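Peer 1: Below is entry.txt; it holds compact mmCIF, N, CA and C atoms.
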```
# COMPACT_ATOMS: atom_id res chain seq x y z
N MET A 22 -36.20 125.32 -27.32
CA MET A 22 -36.55 123.96 -27.68
C MET A 22 -35.30 123.07 -27.65
N ARG A 23 -34.20 123.57 -28.20
CA ARG A 23 -32.96 122.78 -28.21
C ARG A 23 -32.47 122.51 -26.79
N LEU A 24 -32.63 123.54 -25.97
CA LEU A 24 -32.22 123.38 -24.58
C LEU A 24 -33.04 122.30 -23.90
N LEU A 25 -34.32 122.27 -24.15
CA LEU A 25 -35.19 121.24 -23.59
C LEU A 25 -34.77 119.85 -24.05
N LEU A 26 -34.49 119.71 -25.33
CA LEU A 26 -34.04 118.41 -25.85
C LEU A 26 -32.70 118.00 -25.23
N LEU A 27 -31.81 118.95 -25.06
CA LEU A 27 -30.52 118.66 -24.45
C LEU A 27 -30.71 118.19 -23.01
N LEU A 28 -31.57 118.88 -22.25
CA LEU A 28 -31.83 118.49 -20.87
C LEU A 28 -32.47 117.11 -20.78
N LEU A 29 -33.42 116.83 -21.66
CA LEU A 29 -34.06 115.51 -21.66
C LEU A 29 -33.07 114.41 -22.00
N SER A 30 -32.17 114.67 -22.93
CA SER A 30 -31.18 113.64 -23.28
C SER A 30 -30.21 113.41 -22.14
N LEU A 31 -29.87 114.45 -21.38
CA LEU A 31 -28.99 114.28 -20.23
C LEU A 31 -29.66 113.46 -19.13
N CYS A 32 -30.96 113.62 -18.99
CA CYS A 32 -31.69 112.85 -17.97
C CYS A 32 -31.65 111.36 -18.27
N THR A 33 -31.66 110.99 -19.52
CA THR A 33 -31.63 109.56 -19.85
C THR A 33 -30.29 108.96 -19.49
N PHE A 34 -29.20 109.74 -19.53
CA PHE A 34 -27.90 109.20 -19.16
C PHE A 34 -27.77 109.03 -17.65
N ALA A 35 -28.61 109.70 -16.89
CA ALA A 35 -28.54 109.60 -15.43
C ALA A 35 -29.13 108.29 -14.92
N GLN A 36 -29.91 107.61 -15.74
CA GLN A 36 -30.50 106.34 -15.34
C GLN A 36 -29.41 105.29 -15.18
N GLY A 37 -29.42 104.58 -14.07
CA GLY A 37 -28.42 103.54 -13.83
C GLY A 37 -28.70 102.30 -14.65
N THR A 38 -27.66 101.51 -14.84
CA THR A 38 -27.79 100.25 -15.57
C THR A 38 -28.12 99.14 -14.58
N LEU A 39 -28.45 97.97 -15.10
CA LEU A 39 -28.73 96.82 -14.24
C LEU A 39 -27.50 96.49 -13.39
N ASP A 40 -26.32 96.57 -13.97
CA ASP A 40 -25.09 96.32 -13.20
C ASP A 40 -24.91 97.33 -12.06
N ASP A 41 -25.28 98.58 -12.33
CA ASP A 41 -25.20 99.61 -11.27
C ASP A 41 -26.10 99.24 -10.10
N TYR A 42 -27.31 98.81 -10.39
CA TYR A 42 -28.25 98.43 -9.34
C TYR A 42 -27.79 97.19 -8.59
N LYS A 43 -27.20 96.24 -9.29
CA LYS A 43 -26.69 95.04 -8.63
C LYS A 43 -25.55 95.39 -7.68
N ARG A 44 -24.65 96.26 -8.12
CA ARG A 44 -23.55 96.69 -7.25
C ARG A 44 -24.08 97.42 -6.03
N ALA A 45 -25.05 98.28 -6.23
CA ALA A 45 -25.61 99.04 -5.12
C ALA A 45 -26.30 98.13 -4.11
N SER A 46 -27.02 97.14 -4.59
CA SER A 46 -27.71 96.24 -3.66
C SER A 46 -26.72 95.37 -2.89
N GLY A 47 -25.54 95.14 -3.43
CA GLY A 47 -24.53 94.36 -2.74
C GLY A 47 -23.79 95.13 -1.67
N LEU A 48 -23.91 96.44 -1.66
CA LEU A 48 -23.19 97.24 -0.67
C LEU A 48 -23.65 96.96 0.76
N ARG A 49 -24.95 96.75 0.94
CA ARG A 49 -25.47 96.47 2.29
C ARG A 49 -24.83 95.20 2.84
N ALA A 50 -24.79 94.16 2.03
CA ALA A 50 -24.21 92.90 2.49
C ALA A 50 -22.72 93.06 2.79
N LYS A 51 -22.06 93.89 2.02
CA LYS A 51 -20.61 94.08 2.19
C LYS A 51 -20.27 94.86 3.46
N PHE A 52 -21.04 95.91 3.75
CA PHE A 52 -20.70 96.78 4.87
C PHE A 52 -21.47 96.52 6.15
N GLN A 53 -22.57 95.79 6.09
CA GLN A 53 -23.38 95.56 7.29
C GLN A 53 -22.59 94.91 8.43
N PRO A 54 -21.74 93.91 8.16
CA PRO A 54 -20.99 93.31 9.28
C PRO A 54 -20.02 94.28 9.96
N LEU A 55 -19.68 95.37 9.31
CA LEU A 55 -18.73 96.33 9.86
C LEU A 55 -19.40 97.35 10.78
N MET A 56 -20.73 97.36 10.79
CA MET A 56 -21.46 98.37 11.57
C MET A 56 -22.20 97.70 12.73
N GLU A 57 -21.81 98.03 13.94
CA GLU A 57 -22.50 97.48 15.11
C GLU A 57 -23.89 98.11 15.22
N GLY A 58 -24.88 97.28 15.47
CA GLY A 58 -26.25 97.76 15.62
C GLY A 58 -27.00 97.89 14.31
N SER A 59 -26.37 97.49 13.23
CA SER A 59 -27.03 97.57 11.93
C SER A 59 -28.06 96.46 11.80
N ALA A 60 -29.27 96.82 11.42
CA ALA A 60 -30.35 95.84 11.29
C ALA A 60 -30.52 95.43 9.84
N GLY A 61 -30.71 94.14 9.65
CA GLY A 61 -30.98 93.62 8.32
C GLY A 61 -32.44 93.85 7.96
N PRO A 62 -32.86 93.35 6.82
CA PRO A 62 -34.26 93.52 6.43
C PRO A 62 -35.20 92.78 7.39
N ILE A 63 -36.39 93.32 7.57
CA ILE A 63 -37.35 92.66 8.44
C ILE A 63 -38.09 91.58 7.67
N ARG A 64 -38.52 90.56 8.41
CA ARG A 64 -39.31 89.47 7.81
C ARG A 64 -40.51 89.23 8.71
N TRP A 65 -41.69 89.37 8.12
CA TRP A 65 -42.92 89.17 8.88
C TRP A 65 -43.09 87.72 9.25
N ILE A 66 -43.67 87.47 10.40
CA ILE A 66 -43.92 86.12 10.89
C ILE A 66 -45.36 85.76 10.55
N GLY A 67 -45.53 85.04 9.48
CA GLY A 67 -46.86 84.65 9.04
C GLY A 67 -47.77 85.85 8.87
N LYS A 68 -49.00 85.67 9.26
CA LYS A 68 -49.98 86.77 9.19
C LYS A 68 -50.23 87.32 10.58
N THR A 69 -49.14 87.59 11.29
CA THR A 69 -49.22 88.12 12.64
C THR A 69 -48.80 89.58 12.65
N ASN A 70 -48.79 90.17 13.82
CA ASN A 70 -48.30 91.54 13.96
C ASN A 70 -46.86 91.54 14.47
N ARG A 71 -46.14 90.46 14.21
CA ARG A 71 -44.75 90.33 14.64
C ARG A 71 -43.83 90.17 13.43
N PHE A 72 -42.62 90.65 13.58
CA PHE A 72 -41.59 90.44 12.57
C PHE A 72 -40.25 90.21 13.27
N TRP A 73 -39.28 89.73 12.51
CA TRP A 73 -37.95 89.51 13.08
C TRP A 73 -36.91 90.08 12.12
N TYR A 74 -35.73 90.30 12.66
CA TYR A 74 -34.61 90.79 11.86
C TYR A 74 -33.30 90.37 12.53
N ALA A 75 -32.24 90.38 11.76
CA ALA A 75 -30.90 90.13 12.30
C ALA A 75 -30.25 91.48 12.56
N ARG A 76 -29.54 91.58 13.66
CA ARG A 76 -28.88 92.82 14.06
C ARG A 76 -27.43 92.51 14.36
N THR A 77 -26.51 93.33 13.84
CA THR A 77 -25.10 93.10 14.10
C THR A 77 -24.75 93.58 15.51
N THR A 78 -23.84 92.86 16.14
CA THR A 78 -23.33 93.23 17.46
C THR A 78 -21.81 93.26 17.37
N LYS A 79 -21.15 93.69 18.43
CA LYS A 79 -19.68 93.73 18.38
C LYS A 79 -19.09 92.32 18.28
N ASP A 80 -19.84 91.31 18.72
CA ASP A 80 -19.34 89.94 18.69
C ASP A 80 -19.84 89.13 17.50
N GLY A 81 -20.79 89.65 16.75
CA GLY A 81 -21.34 88.88 15.63
C GLY A 81 -22.72 89.39 15.25
N ASN A 82 -23.74 88.59 15.59
CA ASN A 82 -25.10 89.02 15.28
C ASN A 82 -26.09 88.40 16.27
N GLU A 83 -27.29 88.94 16.24
CA GLU A 83 -28.37 88.40 17.06
C GLU A 83 -29.66 88.53 16.26
N PHE A 84 -30.60 87.68 16.56
CA PHE A 84 -31.89 87.70 15.88
C PHE A 84 -32.93 88.19 16.87
N VAL A 85 -33.69 89.19 16.46
CA VAL A 85 -34.63 89.87 17.34
C VAL A 85 -36.03 89.77 16.76
N THR A 86 -37.01 89.50 17.63
CA THR A 86 -38.42 89.49 17.23
C THR A 86 -39.10 90.70 17.86
N VAL A 87 -39.90 91.38 17.05
CA VAL A 87 -40.61 92.58 17.50
C VAL A 87 -42.10 92.35 17.35
N ASP A 88 -42.84 92.71 18.39
CA ASP A 88 -44.30 92.70 18.33
C ASP A 88 -44.71 94.15 18.12
N THR A 89 -45.45 94.43 17.05
CA THR A 89 -45.80 95.82 16.74
C THR A 89 -46.71 96.44 17.81
N ALA A 90 -47.35 95.61 18.61
CA ALA A 90 -48.16 96.13 19.71
C ALA A 90 -47.29 96.57 20.87
N GLY A 91 -46.03 96.23 20.81
CA GLY A 91 -45.09 96.62 21.86
C GLY A 91 -44.28 95.43 22.31
N GLY A 92 -42.99 95.61 22.41
CA GLY A 92 -42.12 94.55 22.90
C GLY A 92 -41.13 94.08 21.86
N ARG A 93 -39.97 93.74 22.36
CA ARG A 93 -38.88 93.27 21.53
C ARG A 93 -38.09 92.28 22.37
N ALA A 94 -37.69 91.15 21.77
CA ALA A 94 -36.96 90.13 22.52
C ALA A 94 -36.13 89.30 21.55
N PRO A 95 -35.13 88.58 22.07
CA PRO A 95 -34.40 87.66 21.19
C PRO A 95 -35.38 86.69 20.54
N SER A 96 -35.14 86.36 19.29
CA SER A 96 -36.05 85.46 18.56
C SER A 96 -36.02 84.05 19.11
N PHE A 97 -34.90 83.66 19.68
CA PHE A 97 -34.75 82.32 20.23
C PHE A 97 -33.53 82.33 21.14
N ASP A 98 -33.29 81.25 21.83
CA ASP A 98 -32.13 81.11 22.70
C ASP A 98 -30.93 80.78 21.80
N HIS A 99 -30.11 81.77 21.54
CA HIS A 99 -28.98 81.62 20.62
C HIS A 99 -28.00 80.53 21.08
N GLU A 100 -27.72 80.50 22.37
CA GLU A 100 -26.79 79.50 22.92
C GLU A 100 -27.35 78.09 22.75
N ARG A 101 -28.60 77.92 23.06
CA ARG A 101 -29.24 76.60 22.95
C ARG A 101 -29.26 76.12 21.50
N LEU A 102 -29.58 77.04 20.56
CA LEU A 102 -29.59 76.65 19.15
C LEU A 102 -28.19 76.29 18.67
N ALA A 103 -27.18 77.07 19.06
CA ALA A 103 -25.80 76.76 18.66
C ALA A 103 -25.37 75.40 19.19
N LYS A 104 -25.76 75.09 20.42
CA LYS A 104 -25.42 73.79 21.02
C LYS A 104 -26.11 72.66 20.25
N ALA A 105 -27.40 72.84 19.93
CA ALA A 105 -28.15 71.81 19.20
C ALA A 105 -27.57 71.61 17.79
N LEU A 106 -27.20 72.70 17.14
CA LEU A 106 -26.59 72.58 15.81
C LEU A 106 -25.24 71.88 15.88
N THR A 107 -24.46 72.21 16.89
CA THR A 107 -23.15 71.57 17.06
C THR A 107 -23.32 70.07 17.25
N GLU A 108 -24.28 69.67 18.08
CA GLU A 108 -24.51 68.25 18.33
C GLU A 108 -25.05 67.53 17.09
N SER A 109 -25.95 68.16 16.37
CA SER A 109 -26.57 67.48 15.22
C SER A 109 -25.68 67.49 13.98
N GLN A 110 -24.84 68.51 13.83
CA GLN A 110 -24.01 68.63 12.63
C GLN A 110 -22.59 68.09 12.82
N GLY A 111 -22.20 67.89 14.07
CA GLY A 111 -20.87 67.35 14.34
C GLY A 111 -19.75 68.36 14.09
N ARG A 112 -20.06 69.61 14.09
CA ARG A 112 -19.05 70.67 13.97
C ARG A 112 -19.49 71.84 14.83
N PRO A 113 -18.54 72.66 15.28
CA PRO A 113 -18.90 73.73 16.23
C PRO A 113 -19.67 74.89 15.59
N PHE A 114 -20.65 75.40 16.32
CA PHE A 114 -21.40 76.59 15.93
C PHE A 114 -21.27 77.61 17.05
N ASN A 115 -21.00 78.84 16.69
CA ASN A 115 -20.86 79.93 17.64
C ASN A 115 -22.20 80.66 17.75
N ALA A 116 -22.73 80.79 18.95
CA ALA A 116 -24.04 81.42 19.16
C ALA A 116 -24.07 82.87 18.70
N LYS A 117 -22.93 83.53 18.70
CA LYS A 117 -22.86 84.94 18.28
C LYS A 117 -22.65 85.10 16.78
N ARG A 118 -22.38 83.99 16.10
CA ARG A 118 -22.10 84.08 14.66
C ARG A 118 -22.93 83.09 13.85
N LEU A 119 -24.17 82.90 14.26
CA LEU A 119 -25.05 82.01 13.51
C LEU A 119 -25.40 82.65 12.17
N ALA A 120 -25.16 81.95 11.10
CA ALA A 120 -25.47 82.43 9.75
C ALA A 120 -26.80 81.83 9.33
N LEU A 121 -27.86 82.54 9.64
CA LEU A 121 -29.20 82.03 9.39
C LEU A 121 -29.97 82.96 8.46
N GLY A 122 -29.33 83.40 7.40
CA GLY A 122 -29.97 84.33 6.47
C GLY A 122 -31.22 83.81 5.82
N ASN A 123 -31.34 82.50 5.69
CA ASN A 123 -32.53 81.92 5.05
C ASN A 123 -33.47 81.31 6.09
N LEU A 124 -33.52 81.94 7.24
CA LEU A 124 -34.34 81.46 8.34
C LEU A 124 -35.80 81.88 8.17
N ASP A 125 -36.70 81.02 8.56
CA ASP A 125 -38.13 81.34 8.58
C ASP A 125 -38.64 81.02 9.97
N ILE A 126 -39.12 82.02 10.69
CA ILE A 126 -39.64 81.81 12.04
C ILE A 126 -41.15 81.62 11.92
N GLN A 127 -41.64 80.52 12.46
CA GLN A 127 -43.06 80.20 12.37
C GLN A 127 -43.87 81.03 13.35
N ALA A 128 -45.14 81.20 13.07
CA ALA A 128 -46.02 82.08 13.86
C ALA A 128 -46.07 81.70 15.33
N ARG A 129 -46.04 80.42 15.65
CA ARG A 129 -46.13 80.01 17.06
C ARG A 129 -44.80 80.18 17.77
N LEU A 130 -43.75 80.54 17.04
CA LEU A 130 -42.41 80.72 17.57
C LEU A 130 -41.86 79.45 18.22
N SER A 131 -42.42 78.31 17.85
CA SER A 131 -41.94 77.05 18.40
C SER A 131 -41.13 76.28 17.37
N LYS A 132 -41.05 76.81 16.17
CA LYS A 132 -40.38 76.09 15.10
C LYS A 132 -39.57 77.05 14.24
N LEU A 133 -38.34 76.68 13.96
CA LEU A 133 -37.49 77.42 13.04
C LEU A 133 -37.31 76.54 11.81
N ALA A 134 -37.38 77.12 10.65
CA ALA A 134 -37.23 76.35 9.42
C ALA A 134 -36.49 77.17 8.39
N ARG A 135 -35.87 76.47 7.45
CA ARG A 135 -35.25 77.17 6.34
C ARG A 135 -36.35 77.67 5.42
N SER A 136 -36.18 78.87 4.95
CA SER A 136 -37.20 79.48 4.09
C SER A 136 -37.17 78.88 2.71
N GLU A 137 -38.32 78.49 2.20
CA GLU A 137 -38.42 77.93 0.85
C GLU A 137 -38.04 78.96 -0.19
N ARG A 138 -38.35 80.21 0.03
CA ARG A 138 -38.09 81.24 -0.98
C ARG A 138 -36.60 81.47 -1.20
N GLU A 139 -35.76 81.08 -0.25
CA GLU A 139 -34.33 81.29 -0.40
C GLU A 139 -33.56 79.98 -0.52
N ARG A 140 -34.24 78.90 -0.64
CA ARG A 140 -33.60 77.60 -0.62
C ARG A 140 -32.99 77.21 -1.96
N SER A 141 -33.40 77.84 -3.04
CA SER A 141 -32.98 77.43 -4.38
C SER A 141 -31.53 77.41 -4.61
```
Could you spell out this file's structure in structure tokens?

Peer 2:
Amino acid sequence: MRLLLLLLSLCTFAQGTLDDYKRASGLRAKFQPLMEGSAGPIRWIGKTNRFWYARTTKDGNEFVTVDTAGGRAPSFDHERLAKALTESQGRPFNAKRLALGNLDIQARLSKLARSERERS
């Protein structure tokens, strides 16, 4: 019986704290840019069978859209978007280093918008 109580008490110490979980969740963001081909979390495109994700490359990153029925392609023309952002913002944007973590791709794939859920 004492052994059982000792084992149960040891199990409670194995549980991580909130700070432990926060540190662990930050590791992906810290190391992902160092790994070529590393894919970020997927984000579904509306109520479709498509999703998109950011993938690291040797030069930066790229955004990829996947159709679960088959097929994978760039989510948009990275060069064209970088040029449009440069013109509209008055500062240079690199097509290989677009920081669009709060991106929301619309179902028709004709519109890119900032995601409301990450805008706060």

Peer 1: Pick out the closest residue to A:Glu83 from this set: A:Gly111, A:Lys117, A:Arg44, A:Thr69. Count all atoms listed in the file.

Peer 2: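 For A:Glu83, the nearest of the candidates is A:Lys117.
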
Peer 1: Please report, as JSON, numbers by chain, each residue of stretch 52-130 of chain A to which DSSP assigns strand (DSSP E) when run on this structure's backbone.

Peer 2: {"A": [64, 65, 71, 72, 73, 74, 75, 76, 77, 82, 83, 84, 85, 86, 87, 88, 93, 94, 95, 124, 125, 126]}

Peer 1: Find, counting only C-alpha atoms, the residue in A:Thr78, A:Ser59, A:Asn70, A:Ser46 that gets nearest to A:Ala116.

Peer 2: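 Under the stated criterion, the closest residue is A:Thr78.
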
Peer 1: Report, in Å with one decimal, the straight-line distance from atom CA of A:Gly61 to atom CA of A:Phe84.

Peer 2: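 Computed distance, atom CA of A:Gly61 to atom CA of A:Phe84, equals 9.6 Å.
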
Peer 1: Please, what distance in Å, to one decimal, runs between atom CA of A:Pro62 and atom CA of A:Ala75?

Peer 2: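 Atom CA of A:Pro62 sits 7.6 Å away from atom CA of A:Ala75.
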